[in-house]
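J.: This is data.cif (mmCIF, C-alpha atoms).
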```cif
data_structure
#
loop_
_atom_site.label_atom_id
_atom_site.label_comp_id
_atom_site.auth_asym_id
_atom_site.auth_seq_id
_atom_site.Cartn_x
_atom_site.Cartn_y
_atom_site.Cartn_z
CA MET A 1 16.99 15.43 13.91
CA ASN A 2 13.34 16.21 13.21
CA ILE A 3 11.58 14.19 10.50
CA LEU A 4 8.06 15.06 9.37
CA ILE A 5 6.23 12.29 7.49
CA VAL A 6 3.37 13.64 5.38
CA ASN A 7 0.65 12.22 3.11
CA ALA A 8 -0.32 9.42 5.51
CA HIS A 9 -3.82 8.22 4.62
CA SER A 10 -5.56 5.93 7.14
CA SER A 11 -4.43 3.22 9.53
CA ARG A 12 -7.69 1.44 8.71
CA ASN A 13 -5.76 0.37 5.62
CA LYS A 14 -3.27 -2.10 7.10
CA GLY A 15 -1.00 -1.74 4.08
CA ASP A 16 -0.77 2.03 4.48
CA ALA A 17 -0.22 1.59 8.21
CA GLY A 18 2.41 -1.07 7.51
CA ILE A 19 4.27 1.40 5.30
CA ILE A 20 4.36 4.02 8.06
CA LEU A 21 5.43 1.48 10.69
CA SER A 22 8.16 0.15 8.41
CA MET A 23 9.39 3.69 7.78
CA ILE A 24 9.56 4.28 11.52
CA ASP A 25 11.43 0.98 11.97
CA SER A 26 13.97 1.83 9.25
CA ILE A 27 14.45 5.47 10.27
CA GLN A 28 14.96 4.57 13.91
CA LYS A 29 17.39 1.82 12.93
CA ASN A 30 19.51 4.27 10.93
CA MET A 31 18.90 7.32 13.18
CA PRO A 32 18.22 6.10 16.73
CA ASN A 33 17.80 9.66 18.04
CA ALA A 34 15.44 10.89 15.33
CA ASN A 35 12.28 12.76 16.34
CA ILE A 36 9.38 11.76 14.11
CA LYS A 37 5.97 13.34 13.54
CA ILE A 38 3.27 12.07 11.18
CA LYS A 39 0.73 14.25 9.37
CA THR A 40 -2.38 12.25 8.51
CA ARG A 41 -5.88 12.82 7.19
CA PHE A 42 -7.42 10.95 10.14
CA PRO A 43 -5.38 11.77 13.28
CA GLU A 44 -8.04 10.64 15.76
CA ILE A 45 -8.11 7.18 14.16
CA ASP A 46 -4.36 6.90 13.55
CA LYS A 47 -2.93 8.21 16.83
CA ASP A 48 -3.26 4.82 18.56
CA THR A 49 -1.54 2.91 15.74
CA TYR A 50 1.82 4.70 15.76
CA ASP A 51 4.06 5.28 18.77
CA VAL A 52 5.12 8.73 17.54
CA LEU A 53 3.26 12.05 17.52
CA VAL A 54 0.36 12.16 15.02
CA LYS A 55 -1.04 15.48 13.77
CA GLU A 56 -3.68 16.46 11.20
CA CYS A 57 -2.40 17.13 7.71
CA ALA A 58 -2.43 20.66 6.33
CA CYS A 59 -5.34 21.58 4.04
CA ASN A 60 -7.33 18.44 4.83
CA ILE A 61 -10.23 17.67 2.49
CA SER A 62 -13.31 15.53 3.01
CA VAL A 63 -13.49 11.91 1.82
CA ASP A 64 -17.28 11.77 2.25
CA PRO A 65 -18.64 9.94 -0.84
CA ASP A 66 -21.94 11.81 -0.46
CA GLU A 67 -20.28 15.22 -0.70
CA SER A 68 -21.74 17.34 -3.52
CA LYS A 69 -19.86 17.88 -6.77
CA VAL A 70 -19.87 21.62 -6.11
CA THR A 71 -18.09 21.15 -2.79
CA LYS A 72 -15.54 18.85 -4.42
CA ILE A 73 -14.89 21.39 -7.17
CA ILE A 74 -14.39 24.13 -4.60
CA SER A 75 -11.92 21.92 -2.69
CA ALA A 76 -10.02 21.16 -5.89
CA LEU A 77 -9.81 24.84 -6.88
CA THR A 78 -8.56 25.68 -3.38
CA MET A 79 -5.82 23.07 -3.75
CA LEU A 80 -4.85 24.39 -7.18
CA ARG A 81 -4.63 27.94 -5.85
CA ARG A 82 -2.34 26.80 -3.03
CA LEU A 83 -0.10 24.93 -5.47
CA TYR A 84 0.46 28.09 -7.55
CA SER A 85 0.54 30.62 -4.69
CA LYS A 86 3.60 32.32 -3.29
CA ASN A 87 5.06 31.11 -0.01
CA GLN A 88 2.44 30.16 2.56
CA ASN A 89 3.89 29.47 5.99
CA ILE A 90 0.75 27.98 7.49
CA ASP A 91 1.88 25.01 9.57
CA ASP A 92 4.38 24.99 12.43
CA ASP A 93 5.13 21.28 12.03
CA TYR A 94 6.89 22.09 8.77
CA LYS A 95 8.87 24.81 10.52
CA TRP A 96 9.92 22.21 13.15
CA ALA A 97 11.13 19.67 10.57
CA ASP A 98 14.68 19.25 9.28
CA VAL A 99 13.38 17.10 6.42
CA VAL A 100 9.89 16.42 5.05
CA VAL A 101 9.21 12.89 3.83
CA SER A 102 6.23 11.93 1.69
CA CYS A 103 5.32 8.47 2.93
CA GLY A 104 5.49 5.38 0.75
CA GLY A 105 2.40 4.19 -1.10
CA GLY A 106 0.59 4.57 -4.39
CA PHE A 107 -1.34 7.84 -4.26
CA LEU A 108 0.53 10.03 -6.78
CA LEU A 109 -1.72 9.16 -9.71
CA SER A 110 -4.90 10.30 -11.42
CA HIS A 111 -7.37 8.56 -13.69
CA ARG A 112 -9.19 11.90 -14.05
CA PHE A 113 -9.13 15.36 -12.45
CA SER A 114 -8.30 14.48 -8.85
CA PRO A 115 -8.72 16.67 -5.73
CA ALA A 116 -7.04 13.88 -3.73
CA LEU A 117 -3.87 14.06 -5.84
CA LEU A 118 -3.86 17.85 -5.54
CA GLN A 119 -4.04 17.55 -1.76
CA HIS A 120 -1.06 15.19 -1.71
CA LEU A 121 0.94 17.62 -3.84
CA VAL A 122 0.02 20.54 -1.58
CA GLN A 123 1.69 18.75 1.33
CA LEU A 124 4.97 18.90 -0.62
CA LYS A 125 4.44 22.50 -1.79
CA ILE A 126 4.19 23.65 1.83
CA ALA A 127 7.55 22.00 2.54
CA PHE A 128 9.08 23.98 -0.33
CA ASP A 129 7.58 27.16 1.14
CA TYR A 130 9.52 26.45 4.33
CA ASP A 131 12.66 25.70 2.29
CA LYS A 132 12.87 22.14 3.63
CA PRO A 133 14.50 19.15 1.89
CA VAL A 134 11.79 16.85 0.52
CA VAL A 135 12.09 13.09 0.00
CA ILE A 136 9.51 10.82 -1.64
CA TYR A 137 9.77 7.46 0.13
CA ALA A 138 9.24 4.29 -1.98
CA GLN A 139 6.30 5.42 -4.08
CA SER A 140 4.44 4.04 -7.06
CA ILE A 141 3.88 7.03 -9.36
CA GLY A 142 1.28 7.15 -12.13
CA PRO A 143 -0.71 6.61 -14.17
CA PHE A 144 -1.68 10.18 -15.09
CA TYR A 145 -4.54 10.27 -17.60
CA ASN A 146 -5.48 13.92 -17.05
CA ASN A 147 -3.42 16.68 -18.67
CA ILE A 148 -3.90 19.16 -15.83
CA MET A 149 -2.81 16.57 -13.28
CA GLN A 150 0.27 15.79 -15.37
CA LYS A 151 1.37 19.42 -15.47
CA VAL A 152 0.76 20.09 -11.79
CA SER A 153 2.51 16.87 -10.73
CA LYS A 154 5.53 17.63 -12.91
CA ARG A 155 5.80 21.11 -11.39
CA ILE A 156 6.04 19.69 -7.87
CA LEU A 157 8.05 16.53 -8.57
CA ASP A 158 10.75 18.47 -10.41
CA ARG A 159 11.60 20.20 -7.11
CA VAL A 160 11.86 17.12 -4.86
CA ASN A 161 15.38 16.37 -3.55
CA ARG A 162 15.15 12.61 -4.07
CA ILE A 163 12.38 10.40 -5.47
CA PHE A 164 12.43 6.75 -4.43
CA ILE A 165 10.08 4.61 -6.52
CA ARG A 166 9.03 0.97 -6.21
CA GLU A 167 9.15 -0.14 -9.85
CA ASN A 168 10.49 0.87 -13.25
CA ILE A 169 7.07 1.66 -14.68
CA SER A 170 6.86 4.58 -12.24
CA LYS A 171 10.07 5.90 -13.79
CA GLN A 172 8.42 5.63 -17.20
CA TRP A 173 5.43 7.66 -15.98
CA LEU A 174 7.75 10.36 -14.65
CA GLU A 175 9.29 10.56 -18.10
CA LYS A 176 5.85 10.64 -19.77
CA ILE A 177 4.77 13.70 -17.80
CA GLY A 178 8.07 15.41 -18.60
CA CYS A 179 9.53 15.30 -15.09
CA LYS A 180 13.15 16.49 -15.29
CA ASN A 181 14.18 15.33 -11.83
CA LYS A 182 17.29 13.15 -12.23
CA ASN A 183 17.41 12.07 -8.58
CA VAL A 184 15.14 9.05 -9.07
CA VAL A 185 16.05 5.69 -7.49
CA VAL A 186 14.21 2.36 -7.71
CA VAL A 187 13.96 0.55 -4.35
CA SER A 188 11.88 -2.17 -2.73
CA ASP A 189 8.59 -1.37 -1.00
CA SER A 190 9.14 -0.09 2.51
CA ALA A 191 6.61 -2.51 4.03
CA PHE A 192 8.96 -5.44 3.46
CA CYS A 193 10.91 -4.03 6.43
CA MET A 194 8.02 -3.93 8.88
CA ASN A 195 8.71 -6.09 11.91
CA LYS A 196 6.00 -8.63 12.68
CA GLN A 197 4.65 -9.00 16.20
CA LYS A 198 4.03 -12.31 17.91
CA SER A 199 0.44 -12.47 19.11
CA ASN A 200 -1.17 -14.79 21.62
CA TYR A 201 -4.52 -14.07 20.00
CA VAL A 202 -3.23 -15.22 16.59
CA ASP A 203 -1.68 -18.35 18.11
CA GLU A 204 -4.95 -19.24 19.83
CA LEU A 205 -6.95 -18.49 16.68
CA PHE A 206 -4.78 -20.82 14.60
CA LEU A 207 -5.18 -23.60 17.14
CA GLU A 208 -8.93 -23.18 16.77
CA LEU A 209 -8.77 -23.02 12.96
CA LYS A 210 -6.74 -26.22 12.78
CA SER A 211 -8.89 -28.16 15.20
CA ASN A 212 -10.81 -30.82 13.27
CA HIS A 213 -9.13 -29.64 10.06
CA GLU A 214 -6.23 -31.50 8.47
CA GLY A 215 -5.89 -29.63 5.16
CA PRO A 216 -3.89 -26.53 4.26
CA ILE A 217 -4.88 -23.05 5.38
CA ILE A 218 -4.73 -20.45 2.62
CA GLY A 219 -5.14 -16.69 3.03
CA LEU A 220 -7.04 -14.54 0.54
CA THR A 221 -7.64 -10.80 0.24
CA ALA A 222 -10.37 -9.34 -1.95
CA ARG A 223 -11.16 -5.72 -2.65
CA ASP A 224 -13.96 -3.91 -4.38
CA TRP A 225 -12.79 -2.28 -7.61
CA ASN A 226 -14.55 0.01 -10.06
CA PHE A 227 -12.47 -0.96 -13.15
CA PRO A 228 -11.79 2.68 -14.14
CA GLU A 229 -10.18 1.82 -17.49
CA MET A 230 -12.90 -0.60 -18.61
CA GLU A 231 -16.27 0.07 -20.27
CA ASP A 232 -18.07 -3.10 -19.06
CA LYS A 233 -17.35 -2.40 -15.39
CA ASN A 234 -20.19 -4.48 -13.92
CA GLN A 235 -19.31 -7.57 -15.97
CA ARG A 236 -15.66 -7.30 -14.96
CA ARG A 237 -16.63 -7.10 -11.30
CA VAL A 238 -18.92 -10.12 -11.59
CA ARG A 239 -16.10 -12.12 -13.18
CA TYR A 240 -13.65 -11.09 -10.45
CA VAL A 241 -16.06 -12.17 -7.71
CA GLU A 242 -16.77 -15.43 -9.54
CA SER A 243 -13.03 -16.12 -9.89
CA MET A 244 -12.56 -15.75 -6.15
CA GLN A 245 -15.52 -18.02 -5.46
CA LYS A 246 -14.36 -20.73 -7.85
CA VAL A 247 -10.79 -20.81 -6.52
CA ILE A 248 -12.15 -21.23 -2.99
CA LEU A 249 -14.35 -24.16 -4.01
CA HIS A 250 -11.56 -25.72 -6.08
CA PHE A 251 -9.05 -25.79 -3.22
CA GLU A 252 -11.67 -26.94 -0.73
CA GLU A 253 -12.68 -29.87 -2.93
CA LYS A 254 -9.24 -30.91 -4.19
CA TYR A 255 -7.06 -30.30 -1.12
CA ASN A 256 -9.53 -30.02 1.76
CA ALA A 257 -8.21 -26.48 2.17
CA LYS A 258 -9.66 -23.82 4.46
CA LEU A 259 -9.49 -20.40 2.80
CA LEU A 260 -9.51 -17.39 5.09
CA LEU A 261 -10.71 -14.07 3.70
CA MET A 262 -8.61 -11.50 5.51
CA PRO A 263 -9.52 -7.94 6.58
CA GLN A 264 -6.58 -6.06 5.06
CA VAL A 265 -8.49 -2.77 4.71
CA LEU A 266 -11.41 -1.75 6.97
CA GLY A 267 -12.13 1.76 5.74
CA PRO A 268 -12.32 4.73 5.85
CA ASN A 269 -15.48 4.14 3.76
CA ASP A 270 -17.57 1.17 2.61
CA PHE A 271 -15.91 0.94 -0.80
CA ASN A 272 -12.59 0.43 0.99
CA ASP A 273 -13.91 -2.03 3.56
CA ASP A 274 -12.78 -5.44 2.31
CA ARG A 275 -15.14 -7.26 4.67
CA ILE A 276 -18.13 -6.25 2.53
CA ILE A 277 -16.95 -7.85 -0.71
CA SER A 278 -15.51 -10.79 1.25
CA ARG A 279 -18.96 -11.53 2.64
CA GLU A 280 -20.42 -11.19 -0.85
CA ILE A 281 -17.94 -13.79 -2.14
CA LEU A 282 -18.70 -16.26 0.64
CA ASP A 283 -22.47 -15.70 0.62
CA GLY A 284 -22.59 -16.64 -3.07
CA ILE A 285 -21.19 -20.16 -2.60
CA ASN A 286 -21.78 -23.23 -0.50
CA SER A 287 -18.40 -23.32 1.20
CA LYS A 288 -17.53 -26.25 3.49
CA SER A 289 -15.00 -24.55 5.75
CA SER A 290 -13.78 -21.19 4.45
CA GLN A 291 -14.58 -18.06 6.41
CA LEU A 292 -14.05 -14.34 6.89
CA ILE A 293 -11.69 -13.43 9.72
CA ASN A 294 -13.53 -10.37 10.98
CA TYR A 295 -10.96 -8.92 13.37
CA ASP A 296 -9.16 -5.58 13.45
CA PHE A 297 -5.53 -6.72 13.59
CA ASN A 298 -2.72 -4.23 13.89
CA PRO A 299 -0.37 -4.51 10.88
CA ARG A 300 2.47 -6.20 12.76
CA GLU A 301 0.04 -8.76 14.16
CA LEU A 302 -1.49 -9.29 10.70
CA LYS A 303 1.94 -10.04 9.22
CA TYR A 304 2.48 -12.60 11.99
CA PHE A 305 -0.89 -14.16 11.06
CA TYR A 306 0.11 -14.40 7.39
CA SER A 307 3.42 -16.02 8.31
CA LYS A 308 1.48 -19.05 9.55
CA LEU A 309 -0.35 -19.67 6.24
CA ASP A 310 0.45 -22.39 3.70
CA MET A 311 -0.24 -20.16 0.68
CA PHE A 312 -1.68 -16.74 -0.10
CA ILE A 313 -3.87 -15.27 -2.85
CA GLY A 314 -3.90 -11.50 -2.59
CA THR A 315 -5.59 -8.60 -4.31
CA ARG A 316 -4.37 -6.08 -1.75
CA MET A 317 -0.73 -5.46 -2.61
CA HIS A 318 0.53 -5.07 0.94
CA SER A 319 -1.17 -8.25 2.02
CA ASN A 320 1.05 -9.89 -0.60
CA ILE A 321 4.11 -8.09 0.76
CA PHE A 322 3.32 -9.17 4.32
CA ALA A 323 3.02 -12.76 3.07
CA LEU A 324 6.04 -12.75 0.75
CA SER A 325 8.33 -11.23 3.36
CA SER A 326 7.27 -14.12 5.63
CA TYR A 327 8.26 -16.61 2.88
CA VAL A 328 4.66 -17.58 2.08
CA PRO A 329 4.09 -18.61 -1.60
CA THR A 330 1.78 -15.99 -3.10
CA VAL A 331 -0.48 -15.37 -6.10
CA ALA A 332 -1.05 -11.66 -6.74
CA ILE A 333 -4.01 -10.02 -8.49
CA ASN A 334 -2.88 -6.74 -10.06
CA TYR A 335 -5.25 -3.75 -10.09
CA GLU A 336 -2.57 -1.05 -10.45
CA HIS A 337 0.93 -1.42 -11.83
CA LYS A 338 2.46 -1.40 -8.36
CA THR A 339 1.51 -5.06 -7.75
CA ARG A 340 3.10 -6.37 -10.93
CA GLY A 341 6.19 -4.28 -10.21
CA ILE A 342 6.62 -5.85 -6.79
CA MET A 343 6.25 -9.38 -8.16
CA GLU A 344 8.66 -8.70 -11.03
CA LEU A 345 11.20 -7.48 -8.48
CA LEU A 346 11.15 -10.99 -7.00
CA GLU A 347 10.99 -12.65 -10.44
CA LEU A 348 7.51 -13.95 -9.63
CA GLU A 349 5.68 -12.50 -12.64
CA ASP A 350 4.31 -15.98 -13.46
CA TYR A 351 2.17 -15.66 -10.34
CA VAL A 352 0.40 -12.41 -11.27
CA LEU A 353 -3.05 -12.00 -12.84
CA GLU A 354 -4.62 -8.78 -14.09
CA ILE A 355 -7.88 -7.90 -12.35
CA ASN A 356 -9.26 -6.42 -15.60
CA HIS A 357 -8.95 -9.76 -17.40
CA ILE A 358 -9.16 -12.36 -14.64
CA THR A 359 -11.19 -15.53 -15.18
CA PRO A 360 -11.93 -18.44 -12.83
CA ASP A 361 -9.90 -20.86 -14.97
CA ASP A 362 -6.86 -18.57 -15.06
CA LEU A 363 -6.90 -17.95 -11.31
CA ILE A 364 -7.26 -21.65 -10.54
CA SER A 365 -4.45 -22.50 -12.97
CA VAL A 366 -1.98 -19.99 -11.49
CA ALA A 367 -2.95 -20.89 -7.91
CA GLU A 368 -2.44 -24.58 -8.72
CA GLN A 369 1.01 -23.78 -10.12
CA CYS A 370 1.86 -21.87 -6.96
CA TRP A 371 0.66 -24.73 -4.76
CA ARG A 372 2.65 -27.34 -6.68
CA ASN A 373 5.80 -25.21 -6.51
CA ARG A 374 5.31 -23.99 -2.94
CA GLU A 375 8.45 -25.58 -1.46
CA ASN A 376 10.70 -24.18 -4.18
CA LEU A 377 9.03 -20.79 -3.84
CA LYS A 378 9.66 -20.76 -0.08
CA GLU A 379 13.35 -21.44 -0.64
CA LYS A 380 13.52 -18.77 -3.34
CA LEU A 381 11.96 -16.19 -1.01
CA LYS A 382 14.33 -17.09 1.82
CA LYS A 383 17.27 -16.39 -0.48
CA GLU A 384 15.95 -13.18 -2.04
CA ILE A 385 14.08 -11.37 0.74
CA PRO A 386 17.28 -10.27 2.60
CA GLU A 387 18.41 -8.32 -0.47
CA VAL A 388 14.90 -6.84 -0.79
CA LEU A 389 15.05 -5.71 2.84
CA ASN A 390 18.38 -4.02 2.25
CA SER A 391 16.96 -2.18 -0.78
CA ALA A 392 13.86 -1.15 1.19
CA GLU A 393 16.05 0.62 3.77
CA THR A 394 17.79 2.79 1.14
CA PRO A 395 15.50 5.82 1.63
CA ALA A 396 16.09 5.80 5.40
CA LYS A 397 19.85 5.71 4.82
CA TYR A 398 19.55 8.65 2.45
CA ILE A 399 17.53 10.63 5.02
CA ALA A 400 20.23 9.87 7.58
CA SER A 401 22.79 11.41 5.21
CA ILE A 402 20.64 14.54 4.86
CA ASN A 403 20.44 14.82 8.62
CA LYS A 404 24.21 14.57 8.96
CA ASP A 405 24.53 17.47 6.54
CA VAL A 406 21.98 19.43 8.62
CA ALA A 407 23.81 18.60 11.84
CA TYR A 408 27.14 19.91 10.58
CA SER A 409 25.83 22.93 8.66
#
```
Can you turn what I pasted into structure tokens?
T.:
Amino acid sequence: MNILIVNAHSSRNKGDAGIILSMIDSIQKNMPNANIKIKTRFPEIDKDTYDVLVKECACNISVDPDESKVTKIISALTMLRRLYSKNQNIDDDYKWADVVVSCGGGFLLSHRFSPALLQHLVQLKIAFDYDKPVVIYAQSIGPFYNNIMQKVSKRILDRVNRIFIRENISKQWLEKIGCKNKNVVVVSDSAFCMNKQKSNYVDELFLELKSNHEGPIIGLTARDWNFPEMEDKNQRRVRYVESMQKVILHFEEKYNAKLLLMPQVLGPNDFNDDRIISREILDGINSKSSQLINYDFNPRELKYFYSKLDMFIGTRMHSNIFALSSYVPTVAINYEHKTRGIMELLELEDYVLEINHITPDDLISVAEQCWRNRENLKEKLKKEIPEVLNSAETPAKYIASINKDVAYS
């Protein structure tokens, strides 16, 4: 059976890449003979990350931050026209597919009028034009703060065969925009299923990190954020950076810890390159031992790295998932509802802080609680993760059932 995965973003984001790899793992487990293609915005970058065929997505738009507003408006109007046009058979990969699957992630949302959201919806509209079954695979959906985006999203999502979402708040957003699709199922994030990969480089790096160091090793991911719902954006960002700095110094002083700032996302632009804000955090303090790990790990290798840590503090949601699925006690910093939803799934809501309201004292307090309870948290994760893995495979099992229907039709 032929499965076309669409809406892939960039393998420079190790979380996004981990989602795709976990989907491949789960689909191949449930359909060993499946043929898989991926449609991505950056095929030249992504082709070496996945061991299946990678093609450019239909109707690709620029992500250049310096692009003029006029060009962006033209791109958005082009997307809108495609969404409301009659059938457009413009891409042979859709013709090849037995089922079209919108990859897991958190991109079906809009804080304002959003050409990016329109492009994601166009990928599904083309599948409808080819009369293909469409599955949304473990998504976070919403928020939608723009009326036009609400109406357009509802129009497309009403037609999807099955919508798998990662948390109940996504279901609430579907209801808020008036989506009438009843085939909505809550499942675990796909990335929980991604297999980790043993790495000699990681083993050697940890030997080096532990040489002349007897304290714990704690992972940390930071990301730049523009606080779209807040008025005092600059002050919020300053407080977030300060919170990260203070928690590093606290654990260094109290526990002789080494905190490693991890490169979870390396692009495709500077705003999404976590190394930049990580350097800013470290440059602003007199750290004894903490450091940025400036290395381009593949996602499976990165998960193996995280599995060796004593604790994790993560802003990037999939860094938290990589850590949690390796039974590493984790504090999560929530910047979109997807992070809180994942932690609530594991009954770990006591270990979540909101990026909009974070303070140094609050982050230190929650991280201290996590450290004190780390052994109990490890045992809790060992008991609960198997059920999470089973839930995360539900979309792949559903796709397998579609393919059986196709095979016998």
J.: Would you compute the distance between CA of Tyr145 (chain A) and CA of Lys171 (chain A)? Give it in Å to one decimal.
T.: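 Computed distance, CA of Tyr145 (chain A) to CA of Lys171 (chain A), equals 15.7 Å.
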J.: Give as a ChimeraX atom specification the residues that the PyMOL selection byres ((chain A and resi 128) around 12) matches when applied to the coordinates above.
T.: /A:83-89,94-95,97,99-101,121-127,129-135,155-161
J.: Go through A:Tyr50, A:Phe305, A:Phe312, A:Phe113 one by one, measure the shortest atom-to-atom distance of each to Ile333 (chain A) using all atoms listed in the file, and give the residue with the smallest value.
T.: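 Nearest to Ile333 (chain A): A:Phe312.
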J.: Taking only C-alpha atoms into account, which of A:Gln150, A:Ser188, A:Ser319, A:Asn294 comes nearest Ala222 (chain A)?
T.: A:Ser319
J.: Show me as an MDAnalysis selection string the residues that reach within 7 Å of (-8.6, -2.4, 10.3), counting only C-alpha atoms and using the file's own coordinates.
T.: chainID A and resid 12:14 263:266 296:297
J.: Apply the PyMOL selection byres ((chain A and resi 375-390) around 7) to the structure shown and report the selected residues as a list in words.
T.: Ser188, Phe192, Cys193, Ser325, Tyr327, Val328, Pro329, Asn373, Arg374, Ser391, Ala392, Glu393 and Thr394 of chain A
J.: Counting all atoms listed in the file, which residues come within 7 Å of (15.8, 7.9, -7.0), with the point read in the file's coordinates, and could you list them as a list in words?
T.: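 Collected hits near the coordinates: Arg162, Ile163, Phe164, Ile165, Asn183, Val184, Val185 and Val186 of chain A.
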J.: Mind pulling up the distance from CA of Met317 (chain A) to CA of Ile19 (chain A)?
T.: 11.6 Å
J.: Report, in Å with one decimal, the straight-line distance from CA of Met262 (chain A) to CA of Lys338 (chain A).
T.: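 Separating CA of Met262 (chain A) from CA of Lys338 (chain A) is a distance of 20.4 Å.
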J.: Given the file shown, enumerate the residues that the PyMOL selection byres ((chain A and resi 226) around 12) captures and present them as a PyMOL selection string.
T.: chain A and resi 111+223-225+227-238+240+271-272+335+355-356
J.: Here is a test: counting all atoms listed in the file, which residue of A:Asp51, A:Glu280, A:Asp98, A:Glu253 is nearest to Ile20 (chain A)?
T.: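 Closest to Ile20 (chain A) of all the choices is A:Asp51.
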J.: Go through A:Val352, A:Ala138, A:Val202, A:Ala58 and flag the residue nearest Asn168 (chain A), using all atoms listed in the file for the distances.
T.: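 Selected residue with least distance to Asn168 (chain A): A:Ala138.
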J.: Enclose the full set of atoms of region 174-193 of chain A listed in the file within a box whose edges lie along x, y and z, apply 3 Å of padding to each of the six sides, and report centre and edge lengths in Å to one decimal as lines of an AutoDock Vina configuration file.
T.:
```
center_x = 11.1
center_y = 5.5
center_z = -6.7
size_x = 18.6
size_y = 27.9
size_z = 32.2
```
J.: Considering all atoms listed in the file, can you say which of A:Leu207, A:Ile27, A:Leu4, A:Leu261 comes closest to Tyr295 (chain A)?
T.: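 Residue with the minimum atom-to-atom distance to Tyr295 (chain A): A:Leu261.
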J.: When distances are computed from all atoms listed in the file, which of A:His337, A:His120, A:His357, A:Arg275 shows the smallest separation from Ser243 (chain A)?
T.: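 Closest residue, counting all atoms listed in the file: A:His357.
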J.: Identify, on the basis of all atoms listed in the file, every residue whose closest approach to Tyr137 (chain A) does not exceed 6 Å; exclude the query and any residue fewer than 6 positions from it along the same chain; express the result as a PyMOL selection string.
T.: chain A and resi 102-104+164
J.: Can you fill out region 78-94 of chain A with N, CA and C atoms and hand it back as a compact mmCIF listing (two decimals), keeping the file's coordinate frame?
T.:
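Written output follows (selection-v6.txt):
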```txt
# COMPACT_ATOMS: atom_id res chain seq x y z
N THR A 78 -9.35 25.20 -4.52
CA THR A 78 -8.56 25.68 -3.38
C THR A 78 -7.17 25.05 -3.39
N MET A 79 -7.12 23.75 -3.67
CA MET A 79 -5.82 23.07 -3.75
C MET A 79 -4.97 23.63 -4.89
N LEU A 80 -5.59 23.84 -6.04
CA LEU A 80 -4.85 24.39 -7.18
C LEU A 80 -4.29 25.78 -6.86
N ARG A 81 -5.08 26.60 -6.20
CA ARG A 81 -4.63 27.94 -5.85
C ARG A 81 -3.43 27.88 -4.91
N ARG A 82 -3.47 26.94 -3.97
CA ARG A 82 -2.34 26.80 -3.03
C ARG A 82 -1.09 26.33 -3.76
N LEU A 83 -1.26 25.46 -4.75
CA LEU A 83 -0.10 24.93 -5.47
C LEU A 83 0.60 26.01 -6.28
N TYR A 84 -0.13 27.04 -6.71
CA TYR A 84 0.46 28.09 -7.55
C TYR A 84 0.65 29.40 -6.79
N SER A 85 0.40 29.39 -5.49
CA SER A 85 0.54 30.62 -4.69
C SER A 85 2.00 30.85 -4.32
N LYS A 86 2.29 32.05 -3.86
CA LYS A 86 3.60 32.32 -3.29
C LYS A 86 3.68 31.67 -1.92
N ASN A 87 4.83 31.81 -1.28
CA ASN A 87 5.06 31.11 -0.01
C ASN A 87 3.92 31.29 0.97
N GLN A 88 3.46 30.15 1.52
CA GLN A 88 2.44 30.16 2.56
C GLN A 88 2.97 29.39 3.77
N ASN A 89 3.40 30.11 4.77
CA ASN A 89 3.89 29.47 5.99
C ASN A 89 2.71 29.31 6.94
N ILE A 90 2.05 28.15 6.82
CA ILE A 90 0.75 27.98 7.49
C ILE A 90 0.74 26.84 8.48
N ASP A 91 1.90 26.20 8.73
CA ASP A 91 1.88 25.01 9.57
C ASP A 91 3.21 24.89 10.30
N ASP A 92 3.16 24.99 11.63
CA ASP A 92 4.38 24.99 12.43
C ASP A 92 5.12 23.65 12.42
N ASP A 93 4.44 22.57 12.09
CA ASP A 93 5.13 21.28 12.03
C ASP A 93 6.17 21.27 10.91
N TYR A 94 5.90 21.97 9.84
CA TYR A 94 6.89 22.09 8.77
C TYR A 94 8.07 22.94 9.23
```
